[in-house]
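Source file entry.cif; content: mmCIF, C-alpha atoms and all ligand atoms.
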data_input
loop_
_atom_site.label_atom_id
_atom_site.label_comp_id
_atom_site.auth_asym_id
_atom_site.auth_seq_id
_atom_site.Cartn_x
_atom_site.Cartn_y
_atom_site.Cartn_z
CA MET A 13 -18.99 -22.58 23.24
CA GLY A 14 -16.16 -25.05 22.59
CA SER A 15 -15.29 -27.48 25.33
CA GLY A 16 -12.08 -26.69 27.19
CA THR A 17 -12.01 -23.06 26.02
CA PRO A 18 -15.36 -21.72 27.13
CA TYR A 19 -16.40 -18.28 25.94
CA PHE A 20 -13.53 -17.70 23.53
CA ILE A 21 -14.95 -17.09 20.06
CA PRO A 22 -13.21 -17.39 16.70
CA LEU A 23 -11.83 -14.15 15.27
CA GLU A 24 -14.14 -14.19 12.23
CA GLU A 25 -17.15 -14.46 14.51
CA ALA A 26 -15.87 -11.57 16.63
CA VAL A 27 -15.41 -9.40 13.54
CA GLU A 28 -18.93 -10.26 12.38
CA ILE A 29 -20.45 -9.40 15.75
CA ALA A 30 -18.54 -6.12 15.97
CA LEU A 31 -19.73 -5.16 12.48
CA LYS A 32 -23.32 -5.15 13.73
CA ARG A 33 -22.52 -1.85 15.41
CA ARG A 34 -22.16 0.50 12.47
CA LEU A 35 -21.53 4.21 12.39
CA SER A 36 -22.36 6.43 9.46
CA PRO A 37 -19.40 8.79 9.20
CA ASP A 38 -20.28 12.23 7.79
CA SER A 39 -18.97 13.41 4.47
CA GLU A 40 -17.18 16.66 3.71
CA GLU A 41 -15.91 18.35 0.58
CA ILE A 42 -12.19 19.12 0.57
CA SER A 43 -9.60 20.47 -1.80
CA ILE A 44 -7.45 17.80 -3.43
CA ASP A 45 -4.50 19.60 -1.85
CA LYS A 46 -5.68 18.11 1.43
CA ALA A 47 -6.69 14.73 0.07
CA PHE A 48 -3.72 12.59 1.06
CA HIS A 49 -4.82 9.54 3.06
CA ARG A 50 -8.49 10.53 3.02
CA THR A 51 -11.24 8.13 1.92
CA LEU A 52 -13.72 8.87 -0.87
CA SER A 53 -17.31 9.01 0.28
CA GLU A 54 -18.72 9.26 -3.25
CA PRO A 55 -17.72 7.52 -6.45
CA LEU A 56 -15.67 9.75 -8.71
CA SER A 57 -16.22 9.95 -12.45
CA ALA A 58 -14.04 11.69 -15.01
CA LEU A 59 -14.97 15.22 -16.06
CA THR A 60 -12.91 14.83 -19.26
CA ASN A 61 -11.39 12.31 -21.59
CA ASP A 62 -7.80 11.35 -20.97
CA PRO A 63 -6.09 12.39 -23.09
CA PRO A 64 -8.61 15.10 -24.00
CA PHE A 65 -7.28 15.11 -27.62
CA ASP A 66 -5.03 12.98 -29.84
CA ASN A 67 -1.43 13.95 -29.09
CA SER A 68 2.11 12.89 -29.72
CA ALA A 69 3.93 10.50 -27.39
CA MET A 70 7.30 11.61 -28.81
CA ASP A 71 9.31 14.58 -29.92
CA GLY A 72 9.54 14.11 -33.69
CA PHE A 73 7.49 14.60 -36.83
CA ALA A 74 3.80 13.98 -37.52
CA VAL A 75 3.18 12.51 -40.98
CA LYS A 76 0.76 10.36 -42.90
CA TYR A 77 1.75 6.74 -42.36
CA SER A 78 1.11 5.67 -45.96
CA GLU A 79 3.65 8.25 -47.12
CA SER A 80 6.36 6.96 -44.79
CA LYS A 81 6.51 3.45 -46.26
CA ASN A 82 9.66 2.28 -48.07
CA PRO A 83 12.08 4.68 -46.31
CA PRO A 84 13.96 6.89 -46.74
CA ASN A 85 11.39 9.56 -47.69
CA ASN A 86 11.68 13.32 -47.76
CA PHE A 87 9.04 15.68 -46.42
CA LYS A 88 8.67 19.42 -46.30
CA ILE A 89 8.49 20.67 -42.72
CA SER A 90 5.15 22.49 -42.46
CA ASN A 91 5.41 24.09 -39.01
CA THR A 92 6.18 23.34 -35.37
CA ILE A 93 3.48 22.21 -32.96
CA GLU A 94 4.30 22.56 -29.25
CA ALA A 95 2.47 21.13 -26.24
CA GLY A 96 -0.34 23.57 -25.47
CA ASN A 97 -0.63 24.69 -29.13
CA LYS A 98 -4.17 26.02 -29.63
CA PHE A 99 -4.28 26.33 -33.43
CA ASP A 100 -6.11 24.12 -35.93
CA ASN A 101 -3.00 22.62 -37.48
CA SER A 102 -3.00 20.45 -40.58
CA ILE A 103 -0.56 18.96 -43.07
CA ILE A 104 -0.98 18.13 -46.72
CA ILE A 105 0.59 15.41 -48.84
CA GLY A 106 4.38 15.64 -48.78
CA GLU A 107 4.47 17.54 -45.50
CA ALA A 108 5.60 16.65 -41.99
CA ALA A 109 4.90 18.79 -38.90
CA ARG A 110 7.58 19.11 -36.29
CA ILE A 111 5.83 18.01 -33.09
CA MET A 112 6.63 17.89 -29.37
CA THR A 113 5.53 15.36 -26.77
CA GLY A 114 1.97 16.14 -25.67
CA ALA A 115 1.24 18.43 -28.65
CA PRO A 116 -2.03 17.94 -30.59
CA ILE A 117 -1.82 15.91 -33.79
CA PRO A 118 -2.41 18.01 -36.91
CA LYS A 119 -5.20 17.07 -39.30
CA GLY A 120 -3.86 14.87 -42.09
CA ALA A 121 -1.30 13.09 -39.86
CA ASP A 122 -1.88 9.66 -38.39
CA SER A 123 1.56 8.67 -37.12
CA ILE A 124 4.75 9.99 -35.52
CA ILE A 125 8.39 9.40 -36.24
CA PRO A 126 10.73 10.13 -33.37
CA ILE A 127 13.37 12.78 -33.92
CA GLU A 128 16.15 10.19 -33.57
CA ALA A 129 14.98 8.41 -36.76
CA CYS A 130 15.11 11.57 -38.92
CA GLU A 131 17.63 13.76 -40.62
CA VAL A 132 16.70 17.42 -40.67
CA ASP A 133 17.91 19.85 -43.32
CA GLU A 134 17.22 23.05 -41.41
CA GLU A 135 18.26 25.33 -44.24
CA ASN A 136 15.76 23.93 -46.73
CA GLN A 137 13.25 22.86 -44.08
CA ILE A 138 13.27 19.27 -45.30
CA VAL A 139 13.15 16.20 -43.11
CA THR A 140 14.25 12.75 -44.24
CA LEU A 141 12.50 9.85 -42.51
CA ASN A 142 14.80 6.87 -42.27
CA GLN A 143 12.12 4.56 -40.92
CA GLU A 144 8.39 4.04 -41.30
CA SER A 145 6.44 6.31 -38.97
CA LYS A 146 4.61 4.77 -36.01
CA PRO A 147 0.82 5.08 -35.59
CA HIS A 148 1.11 3.90 -31.97
CA PHE A 149 3.15 6.97 -31.03
CA ILE A 150 -0.13 8.85 -31.12
CA ARG A 151 -1.89 8.89 -27.76
CA LYS A 152 -5.53 8.69 -28.75
CA LYS A 153 -8.24 10.83 -27.19
CA GLY A 154 -9.87 8.90 -24.32
CA GLU A 155 -7.53 5.91 -24.56
CA ASN A 156 -6.76 6.09 -20.82
CA PHE A 157 -10.26 6.94 -19.60
CA THR A 158 -13.34 8.58 -20.95
CA GLU A 159 -15.56 11.41 -19.76
CA ASN A 160 -18.16 10.23 -17.20
CA GLU A 161 -16.32 6.96 -16.59
CA ILE A 162 -16.34 6.05 -12.89
CA LEU A 163 -12.72 5.38 -11.95
CA LEU A 164 -12.72 5.54 -8.16
CA LYS A 165 -15.32 3.95 -5.94
CA VAL A 166 -16.56 4.82 -2.45
CA GLY A 167 -14.02 3.70 0.13
CA THR A 168 -10.97 4.47 -2.00
CA LEU A 169 -8.07 5.56 0.18
CA LEU A 170 -6.38 8.44 -1.58
CA THR A 171 -2.74 7.62 -2.23
CA PRO A 172 -0.51 10.11 -4.09
CA GLU A 173 -1.19 8.28 -7.37
CA LYS A 174 -4.94 8.41 -6.84
CA ILE A 175 -4.79 12.11 -5.98
CA SER A 176 -3.03 12.75 -9.29
CA LEU A 177 -5.74 10.71 -10.97
CA CYS A 178 -8.45 12.89 -9.32
CA ALA A 179 -6.68 15.94 -10.75
CA ALA A 180 -6.33 14.36 -14.21
CA MET A 181 -10.06 13.63 -14.07
CA GLY A 182 -10.64 17.35 -13.58
CA HIS A 183 -11.59 17.47 -9.89
CA ASN A 184 -10.21 20.15 -7.63
CA LYS A 185 -12.61 19.26 -4.81
CA ILE A 186 -13.74 15.84 -3.70
CA LYS A 187 -16.07 14.36 -1.12
CA VAL A 188 -14.43 12.31 1.59
CA PHE A 189 -15.51 10.79 4.89
CA LYS A 190 -14.88 12.85 7.98
CA PRO A 191 -12.46 10.88 10.13
CA LEU A 192 -14.02 9.15 13.11
CA LYS A 193 -12.86 10.55 16.43
CA VAL A 194 -11.38 7.66 18.34
CA ALA A 195 -10.81 7.95 22.09
CA ILE A 196 -7.73 6.03 23.16
CA ILE A 197 -7.61 5.33 26.86
CA SER A 198 -5.01 3.37 28.76
CA THR A 199 -5.73 2.01 32.21
CA GLY A 200 -3.42 0.98 35.02
CA ASP A 201 -1.98 2.33 38.27
CA GLU A 202 1.49 1.44 37.07
CA LEU A 203 1.55 3.63 33.96
CA ARG A 204 3.71 6.75 33.62
CA LEU A 205 4.21 8.92 30.58
CA PRO A 206 7.54 8.61 28.80
CA GLY A 207 9.71 11.48 29.96
CA GLU A 208 8.49 11.17 33.54
CA PHE A 209 10.42 9.61 36.40
CA LEU A 210 9.56 5.96 37.05
CA GLU A 211 8.78 5.26 40.69
CA LYS A 212 9.09 1.75 42.04
CA GLY A 213 6.64 -0.61 40.30
CA GLU A 214 5.90 1.75 37.44
CA ILE A 215 6.39 1.33 33.67
CA TYR A 216 6.13 3.61 30.69
CA GLU A 217 2.74 3.79 29.06
CA SER A 218 3.32 2.83 25.44
CA ASN A 219 0.08 1.44 24.08
CA THR A 220 -1.82 4.66 23.40
CA PHE A 221 1.00 6.03 21.27
CA GLY A 222 1.08 2.99 19.00
CA LEU A 223 -2.71 2.72 18.91
CA SER A 224 -2.90 6.40 17.88
CA GLY A 225 -0.57 5.59 15.00
CA LEU A 226 -2.76 2.68 13.98
CA VAL A 227 -5.87 4.88 14.06
CA ASN A 228 -4.08 7.48 11.91
CA TRP A 229 -2.97 4.73 9.55
CA LEU A 230 -6.63 3.81 9.05
CA GLY A 231 -7.44 7.44 8.26
CA HIS A 232 -9.19 8.36 11.51
CA GLU A 233 -8.49 10.83 14.28
CA PRO A 234 -7.02 9.53 17.52
CA VAL A 235 -7.82 11.41 20.71
CA ARG A 236 -5.32 10.25 23.30
CA PHE A 237 -6.69 10.49 26.83
CA SER A 238 -4.58 10.64 29.97
CA SER A 239 -4.09 7.26 31.47
CA VAL A 240 -6.79 6.23 34.00
CA ILE A 241 -5.87 4.68 37.32
CA ASP A 242 -7.49 1.40 38.32
CA ASN A 243 -10.56 2.94 39.92
CA LEU A 244 -14.16 2.39 38.84
CA ASP A 245 -15.30 5.99 39.41
CA LYS A 246 -12.39 7.45 37.46
CA LEU A 247 -12.91 4.94 34.68
CA ARG A 248 -16.64 5.68 34.51
CA GLU A 249 -15.96 9.41 34.35
CA THR A 250 -13.44 8.97 31.53
CA LEU A 251 -15.65 6.61 29.53
CA ASP A 252 -18.56 9.05 29.88
CA THR A 253 -16.41 11.90 28.56
CA ALA A 254 -15.08 9.73 25.75
CA ALA A 255 -18.57 8.63 24.70
CA LYS A 256 -19.71 12.27 24.66
CA THR A 257 -16.76 13.63 22.70
CA CYS A 258 -15.73 10.77 20.41
CA ASP A 259 -17.34 8.32 17.96
CA VAL A 260 -15.50 5.20 19.10
CA ILE A 261 -13.64 4.23 22.27
CA ILE A 262 -10.55 2.06 22.46
CA THR A 263 -9.24 1.14 25.89
CA SER A 264 -6.13 -0.81 26.75
CA GLY A 265 -5.67 -2.97 29.81
CA GLY A 266 -8.03 -4.28 32.45
CA VAL A 267 -9.98 -6.78 30.39
CA SER A 268 -8.67 -10.05 31.81
CA MET A 269 -10.03 -12.18 34.67
CA GLY A 270 -8.25 -10.39 37.51
CA ASP A 271 -9.92 -8.52 40.38
CA ARG A 272 -8.40 -5.29 39.18
CA ASP A 273 -9.43 -5.67 35.56
CA PHE A 274 -11.83 -2.78 35.82
CA VAL A 275 -12.65 -2.27 32.16
CA ARG A 276 -14.19 -5.74 31.99
CA LYS A 277 -15.88 -5.20 35.36
CA ILE A 278 -17.46 -1.86 34.52
CA MET A 279 -18.54 -3.11 31.09
CA GLU A 280 -20.16 -6.17 32.68
CA ASP A 281 -22.04 -4.08 35.22
CA GLU A 282 -22.78 -0.87 33.40
CA GLY A 283 -21.99 -1.25 29.69
CA GLU A 284 -23.06 -3.61 26.94
CA ILE A 285 -20.73 -6.47 26.03
CA ASP A 286 -21.24 -8.12 22.63
CA PHE A 287 -18.33 -10.50 23.10
CA TRP A 288 -15.39 -11.06 25.40
CA ARG A 289 -12.32 -13.09 24.49
CA ILE A 290 -11.29 -14.39 21.11
CA LYS A 291 -9.30 -17.37 19.92
CA VAL A 292 -6.05 -15.61 19.14
CA ARG A 293 -2.65 -15.71 20.82
CA PRO A 294 -1.36 -13.35 21.92
CA GLY A 295 -4.30 -11.08 22.59
CA SER A 296 -7.11 -13.38 23.63
CA PRO A 297 -8.92 -11.21 26.21
CA PRO A 298 -10.43 -8.32 24.20
CA LEU A 299 -14.01 -7.30 24.59
CA PHE A 300 -16.34 -5.34 22.35
CA GLY A 301 -19.63 -3.63 23.00
CA ALA A 302 -20.95 -0.18 23.73
CA TRP A 303 -20.64 2.43 26.43
CA ASN A 304 -23.58 4.85 26.31
CA GLU A 305 -24.20 3.61 22.77
CA THR A 306 -20.65 4.42 21.67
CA PRO A 307 -18.85 1.35 20.27
CA ILE A 308 -15.98 0.33 22.52
CA PHE A 309 -13.06 -2.01 21.95
CA GLY A 310 -11.48 -3.15 25.21
CA LEU A 311 -8.00 -4.21 24.12
CA PRO A 312 -5.60 -6.17 26.30
CA GLY A 313 -2.91 -4.21 28.14
CA ASN A 314 0.07 -6.24 27.06
CA PRO A 315 1.73 -4.09 24.42
CA VAL A 316 2.07 -6.75 21.72
CA SER A 317 -1.49 -7.91 22.32
CA SER A 318 -2.95 -4.43 21.95
CA HIS A 319 -1.23 -3.94 18.57
CA VAL A 320 -2.06 -7.39 17.27
CA VAL A 321 -5.72 -7.20 18.28
CA PHE A 322 -6.04 -3.77 16.72
CA ARG A 323 -4.69 -5.07 13.41
CA ILE A 324 -6.88 -8.16 13.20
CA LEU A 325 -10.05 -7.03 14.98
CA CYS A 326 -10.31 -3.22 14.94
CA GLY A 327 -8.81 -2.90 11.44
CA PRO A 328 -11.63 -4.74 9.62
CA TRP A 329 -14.23 -2.87 11.70
CA PHE A 330 -12.84 0.57 10.88
CA ARG A 331 -12.47 -0.23 7.18
CA ALA A 332 -16.08 -1.37 7.05
CA GLN A 333 -17.33 1.97 8.45
CA THR A 334 -16.17 3.69 5.27
CA SER A 335 -16.90 0.74 2.94
CA SER A 336 -13.18 0.48 2.39
CA SER A 337 -10.76 -2.38 2.03
CA GLN A 338 -7.84 0.00 2.54
CA PRO A 339 -5.25 0.42 3.80
CA GLN A 340 -4.88 -3.22 3.01
CA GLU A 341 -2.87 -5.65 5.08
CA SER A 342 -0.10 -7.34 3.10
CA LYS A 343 0.15 -11.07 3.56
CA ILE A 344 2.70 -13.51 2.23
CA ILE A 345 3.28 -17.25 2.50
CA VAL A 346 6.34 -18.17 4.54
CA LYS A 347 8.03 -21.46 5.41
CA LEU A 348 8.78 -21.94 9.09
CA ASP A 349 12.47 -22.46 9.69
CA GLN A 350 11.95 -23.49 13.31
CA ASP A 351 9.17 -24.91 15.44
CA ILE A 352 6.74 -22.21 16.55
CA LYS A 353 4.55 -22.70 19.57
CA THR A 354 0.89 -22.77 18.62
CA VAL A 355 -2.26 -23.00 20.68
CA PRO A 356 -4.65 -25.57 19.22
CA GLY A 357 -7.90 -23.95 18.12
CA PHE A 358 -6.39 -20.46 18.18
CA ILE A 359 -4.82 -18.21 15.58
CA THR A 360 -1.19 -17.79 16.60
CA LEU A 361 0.56 -14.54 15.81
CA ARG A 362 4.27 -14.86 16.57
CA ARG A 363 6.68 -12.09 15.65
CA ILE A 364 8.99 -13.39 12.95
CA HIS A 365 11.98 -12.41 10.89
CA LEU A 366 12.07 -13.24 7.22
CA TYR A 367 14.86 -14.19 4.88
CA GLU A 368 15.04 -15.70 1.45
CA SER A 369 16.62 -19.01 0.67
CA GLU A 370 16.36 -21.05 -2.54
CA GLY A 371 13.39 -19.06 -3.78
CA GLU A 372 11.37 -19.37 -0.58
CA ILE A 373 10.77 -16.96 2.25
CA LEU A 374 11.79 -18.52 5.52
CA ALA A 375 10.63 -17.38 8.94
CA THR A 376 12.20 -17.61 12.37
CA THR A 377 11.65 -15.87 15.67
CA LYS A 378 14.48 -13.74 16.96
CA HIS A 379 13.07 -11.85 19.90
CA HIS A 380 11.60 -13.12 23.12
CA GLN A 381 7.96 -13.85 22.26
CA GLY A 382 6.34 -12.58 25.45
CA SER A 383 3.26 -10.46 24.77
CA GLY A 384 4.80 -7.79 26.99
CA ASN A 385 7.78 -7.42 24.67
CA ILE A 386 6.98 -4.48 22.41
CA ALA A 387 10.45 -4.80 20.85
CA SER A 388 9.43 -8.15 19.35
CA ILE A 389 6.72 -6.55 17.20
CA ALA A 390 8.55 -3.28 16.64
CA LEU A 391 11.70 -5.04 15.40
CA GLY A 392 9.99 -8.07 13.87
CA GLU A 393 9.12 -8.11 10.20
CA ALA A 394 5.90 -10.08 10.17
CA LEU A 395 3.34 -11.93 12.29
CA THR A 396 2.55 -15.58 11.69
CA LEU A 397 -1.08 -16.24 10.93
CA LEU A 398 -0.98 -19.86 12.03
CA GLY A 399 -4.50 -21.25 11.83
CA PRO A 400 -6.38 -23.21 14.52
CA ASN A 401 -5.24 -26.55 13.06
CA ASP A 402 -1.67 -25.64 12.15
CA THR A 403 1.04 -27.37 14.13
CA GLY A 404 3.73 -24.71 13.73
CA LYS A 405 6.35 -27.35 12.99
CA LYS A 406 9.56 -26.49 11.16
CA GLY A 407 8.99 -26.86 7.41
CA GLU A 408 5.28 -25.93 7.59
CA TYR A 409 4.01 -23.16 5.31
CA CYS A 410 1.79 -20.47 6.74
CA SER A 411 0.42 -17.07 5.93
CA ALA A 412 2.14 -14.10 7.56
CA LEU A 413 1.05 -10.51 8.05
CA ILE A 414 3.71 -7.98 7.11
CA LEU A 415 4.38 -5.47 9.90
P1 LIG B 501 -3.63 -5.58 32.09
O1 LIG B 501 -4.34 -6.07 30.86
O2 LIG B 501 -4.17 -4.29 32.57
O3 LIG B 501 -3.60 -6.64 33.12
O4 LIG B 501 -2.16 -5.33 31.66
C1 LIG B 501 -1.36 -6.39 31.19
C2 LIG B 501 0.09 -5.97 31.15
O5 LIG B 501 0.24 -4.92 30.20
C3 LIG B 501 0.62 -5.43 32.45
O6 LIG B 501 1.94 -5.88 32.60
C4 LIG B 501 0.58 -3.95 32.29
O7 LIG B 501 1.51 -3.28 33.07
C5 LIG B 501 0.85 -3.79 30.82
N1 LIG B 501 0.20 -2.59 30.29
C6 LIG B 501 -1.09 -2.26 30.46
N2 LIG B 501 -1.36 -1.10 29.85
C7 LIG B 501 -0.22 -0.70 29.26
C8 LIG B 501 0.14 0.44 28.48
N3 LIG B 501 -0.76 1.37 28.19
N4 LIG B 501 1.41 0.53 28.06
C9 LIG B 501 2.32 -0.42 28.36
N5 LIG B 501 2.03 -1.51 29.07
C10 LIG B 501 0.79 -1.65 29.54
MG MG B 502 -4.06 -3.27 34.30
#

Write-out of the structure in structure tokens:
Amino acid sequence: MGSGTPYFIPLEEAVEIALKRRLSPDSEEISIDKAFHRTLSEPLSALTNDPPFDNSAMDGFAVKYSESKNPPNNFKISNTIEAGNKFDNSIIIGEAARIMTGAPIPKGADSIIPIEACEVDEENQIVTLNQESKPHFIRKKGENFTENEILLKVGTLLTPEKISLCAAMGHNKIKVFKPLKVAIISTGDELRLPGEFLEKGEIYESNTFGLSGLVNWLGHEPVRFSSVIDNLDKLRETLDTAAKTCDVIITSGGVSMGDRDFVRKIMEDEGEIDFWRIKVRPGSPPLFGAWNETPIFGLPGNPVSSHVVFRILCGPWFRAQTSSSQPQESKIIVKLDQDIKTVPGFITLRRIHLYESEGEILATTKHHQGSGNIASIALGEALTLLGPNDTGKKGEYCSALIL
């Protein structure tokens, strides 16, 4: 443990420790209609070539390239080949086949001339090619991917593009991980649901709503519990239920040093703690361990801290459960346009606004940076990822996490 900051561990170490508790999410087969934002649990190989046959990339005429040299040249129009044409078409010397985009190339042709470069004499069914035909306007069988080729690996998060790819590969059903059920539990006597009347000393409970969104974003299933008052028996009861009904538990609040930080207390006395407190600001007090063998993240109660810690600590853990690197965090390099307060030895995540100037992306803070100020992260554009040795001085470059 480092001198001066006993018991705080670096983020990377915390992630590594947390990863020792692994779950093996089940797999299920689903229709690709339901595949959006699901994660592949098996590699996916193509059931066909793409394209499955040589076809035209243009509306125009299919001809033999050697006959199209030294334009203009006249050809007899043999027939018309549409997309979906199922006949064995062919052309002979002196012929051109009228062809549509996506239609199969007739035997005897090895190039296409787009319609715009032709003059058609409809009456005599003659076409004059005013340019050489183009071999590259033929989309060759298998040029995009080939049958049996593995295109998507385990852990692929299915975006709309990837779902279309699954379909083009010939799959109507695919195997994906079942989402993990994630209990999300807020703690605190002061918490009221939005929509309710705030009594003296009370605030709106906001963390579980945002944390549910983050769990959804990672492709898992949030189960939002009612907020638990600061009482050991009530907390125990809720954690027991959560461990029975869910795969993972995320709590918010009650993990600091205070007498009424009951999540930490109950975990110390009755749970298993793998680590407590990490070298990040804001968000240094999280703990991780297990409650009745169910992995549990005890996130800080301050709204900004709970979001930040989820992104940098829970995110990597959840991705690893499905061997996924997605959804990926986007990071960019920014230049600080003001001094930003850092904590030596810690990763500092301030909420920043970005703007471009002279080809660089500059960063400043706009909102009050208190970890209780949810507006700072909701309205900010990025989080600084100032490292343990960064000074945070104006003019310094640092990595930033896009919000
Ligand atoms: P705690 O970690 O329980 O000491 O809480 C730290 C601060 O975060 C306190 O000001 C709490 O009122 C606030 N807080 C705790 N939980 C929530 C929550 N679920 N939503 C909004 N604020 C919270
Ligand atoms: Mg509390």

* To do: Using all atoms listed in the file, determine which residues lie at most 6 Å from range 298-310 of chain A, disregarding the query and same-chain residues fewer than 5 positions distant; provide the list as a list of chain:residue names.
  => A:Ala255, A:Val260, A:Ile261, A:Ile262, A:Thr263, A:Gly283, A:Glu284, A:Ile285, A:Asp286, A:Phe287, A:Trp288, A:Arg289

Using only C-alpha atoms and all ligand atoms, which residues of chain A come within 8 Å of ligand LIG 501 (chain B), and what is the closest atom pair for each, with the distance in Å to one decimal? Give it as JSON lines, sorted by chain and residue number.
{"residue": "A:Ser198", "atom": "CA", "partner": "B:LIG501", "partner_atom": "N3", "distance": 4.7}
{"residue": "A:Thr199", "atom": "CA", "partner": "B:LIG501", "partner_atom": "N2", "distance": 5.9}
{"residue": "A:Gly200", "atom": "CA", "partner": "B:LIG501", "partner_atom": "O2", "distance": 5.9}
{"residue": "A:Glu202", "atom": "CA", "partner": "B:LIG501", "partner_atom": "O7", "distance": 6.2}
{"residue": "A:Leu203", "atom": "CA", "partner": "B:LIG501", "partner_atom": "C8", "distance": 6.5}
{"residue": "A:Glu214", "atom": "CA", "partner": "B:LIG501", "partner_atom": "O7", "distance": 8.0}
{"residue": "A:Ile215", "atom": "CA", "partner": "B:LIG501", "partner_atom": "O7", "distance": 6.7}
{"residue": "A:Tyr216", "atom": "CA", "partner": "B:LIG501", "partner_atom": "C9", "distance": 6.0}
{"residue": "A:Glu217", "atom": "CA", "partner": "B:LIG501", "partner_atom": "N4", "distance": 3.7}
{"residue": "A:Ser218", "atom": "CA", "partner": "B:LIG501", "partner_atom": "N4", "distance": 4.0}
{"residue": "A:Asn219", "atom": "CA", "partner": "B:LIG501", "partner_atom": "N3", "distance": 4.2}
{"residue": "A:Thr220", "atom": "CA", "partner": "B:LIG501", "partner_atom": "N3", "distance": 5.9}
{"residue": "A:Ser239", "atom": "CA", "partner": "B:LIG501", "partner_atom": "N3", "distance": 7.5}
{"residue": "A:Ser264", "atom": "CA", "partner": "B:LIG501", "partner_atom": "N2", "distance": 5.7}
{"residue": "A:Gly265", "atom": "CA", "partner": "B:LIG501", "partner_atom": "O2", "distance": 3.4}
{"residue": "A:Gly266", "atom": "CA", "partner": "B:LIG501", "partner_atom": "O2", "distance": 3.9}
{"residue": "A:Val267", "atom": "CA", "partner": "B:LIG501", "partner_atom": "O1", "distance": 5.7}
{"residue": "A:Ser268", "atom": "CA", "partner": "B:LIG501", "partner_atom": "O1", "distance": 6.0}
{"residue": "A:Gly270", "atom": "CA", "partner": "B:LIG501", "partner_atom": "O3", "distance": 7.4}
{"residue": "A:Arg272", "atom": "CA", "partner": "B:LIG501", "partner_atom": "O3", "distance": 7.8}
{"residue": "A:Asp273", "atom": "CA", "partner": "B:LIG501", "partner_atom": "O2", "distance": 6.2}
{"residue": "A:Leu311", "atom": "CA", "partner": "B:LIG501", "partner_atom": "O1", "distance": 7.9}
{"residue": "A:Pro312", "atom": "CA", "partner": "B:LIG501", "partner_atom": "O1", "distance": 4.7}
{"residue": "A:Gly313", "atom": "CA", "partner": "B:LIG501", "partner_atom": "C6", "distance": 3.5}
{"residue": "A:Asn314", "atom": "CA", "partner": "B:LIG501", "partner_atom": "O5", "distance": 3.4}
{"residue": "A:Pro315", "atom": "CA", "partner": "B:LIG501", "partner_atom": "N5", "distance": 5.3}
{"residue": "A:Gly384", "atom": "CA", "partner": "B:LIG501", "partner_atom": "O5", "distance": 6.3}

* **Using only C-alpha atoms and all ligand atoms: which of A:Ala332, A:Ile197, A:Val132, A:Leu56 has the shortest distance to ligand MG 502 (chain B)** => A:Ile197

* Spatial neighbours of Glu368 in chain A, 10 Å, only C-alpha atoms, chain gap at least 6 places, as a VMD selection string -> chain A and resid 346 to 347 374 to 375

* Extract, using only C-alpha atoms, all DNA, RNA and protein residues at most 9 Å from Asp66 in chain A, discarding same-chain residues fewer than 4 positions from it, and format them as JSON, numbers by chain. => {"A": [114, 115, 116, 117, 150, 151, 152, 153, 154]}

* Point-to-point distance from CA of Phe358 in chain A to CA of Gly295 in chain A, Å rounded to tenths ->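 Going from CA of Phe358 in chain A over to CA of Gly295 in chain A covers 10.6 Å.
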
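Separating CA of Ile414 in chain A from CA of Leu395 in chain A is a distance of 6.5 Å.
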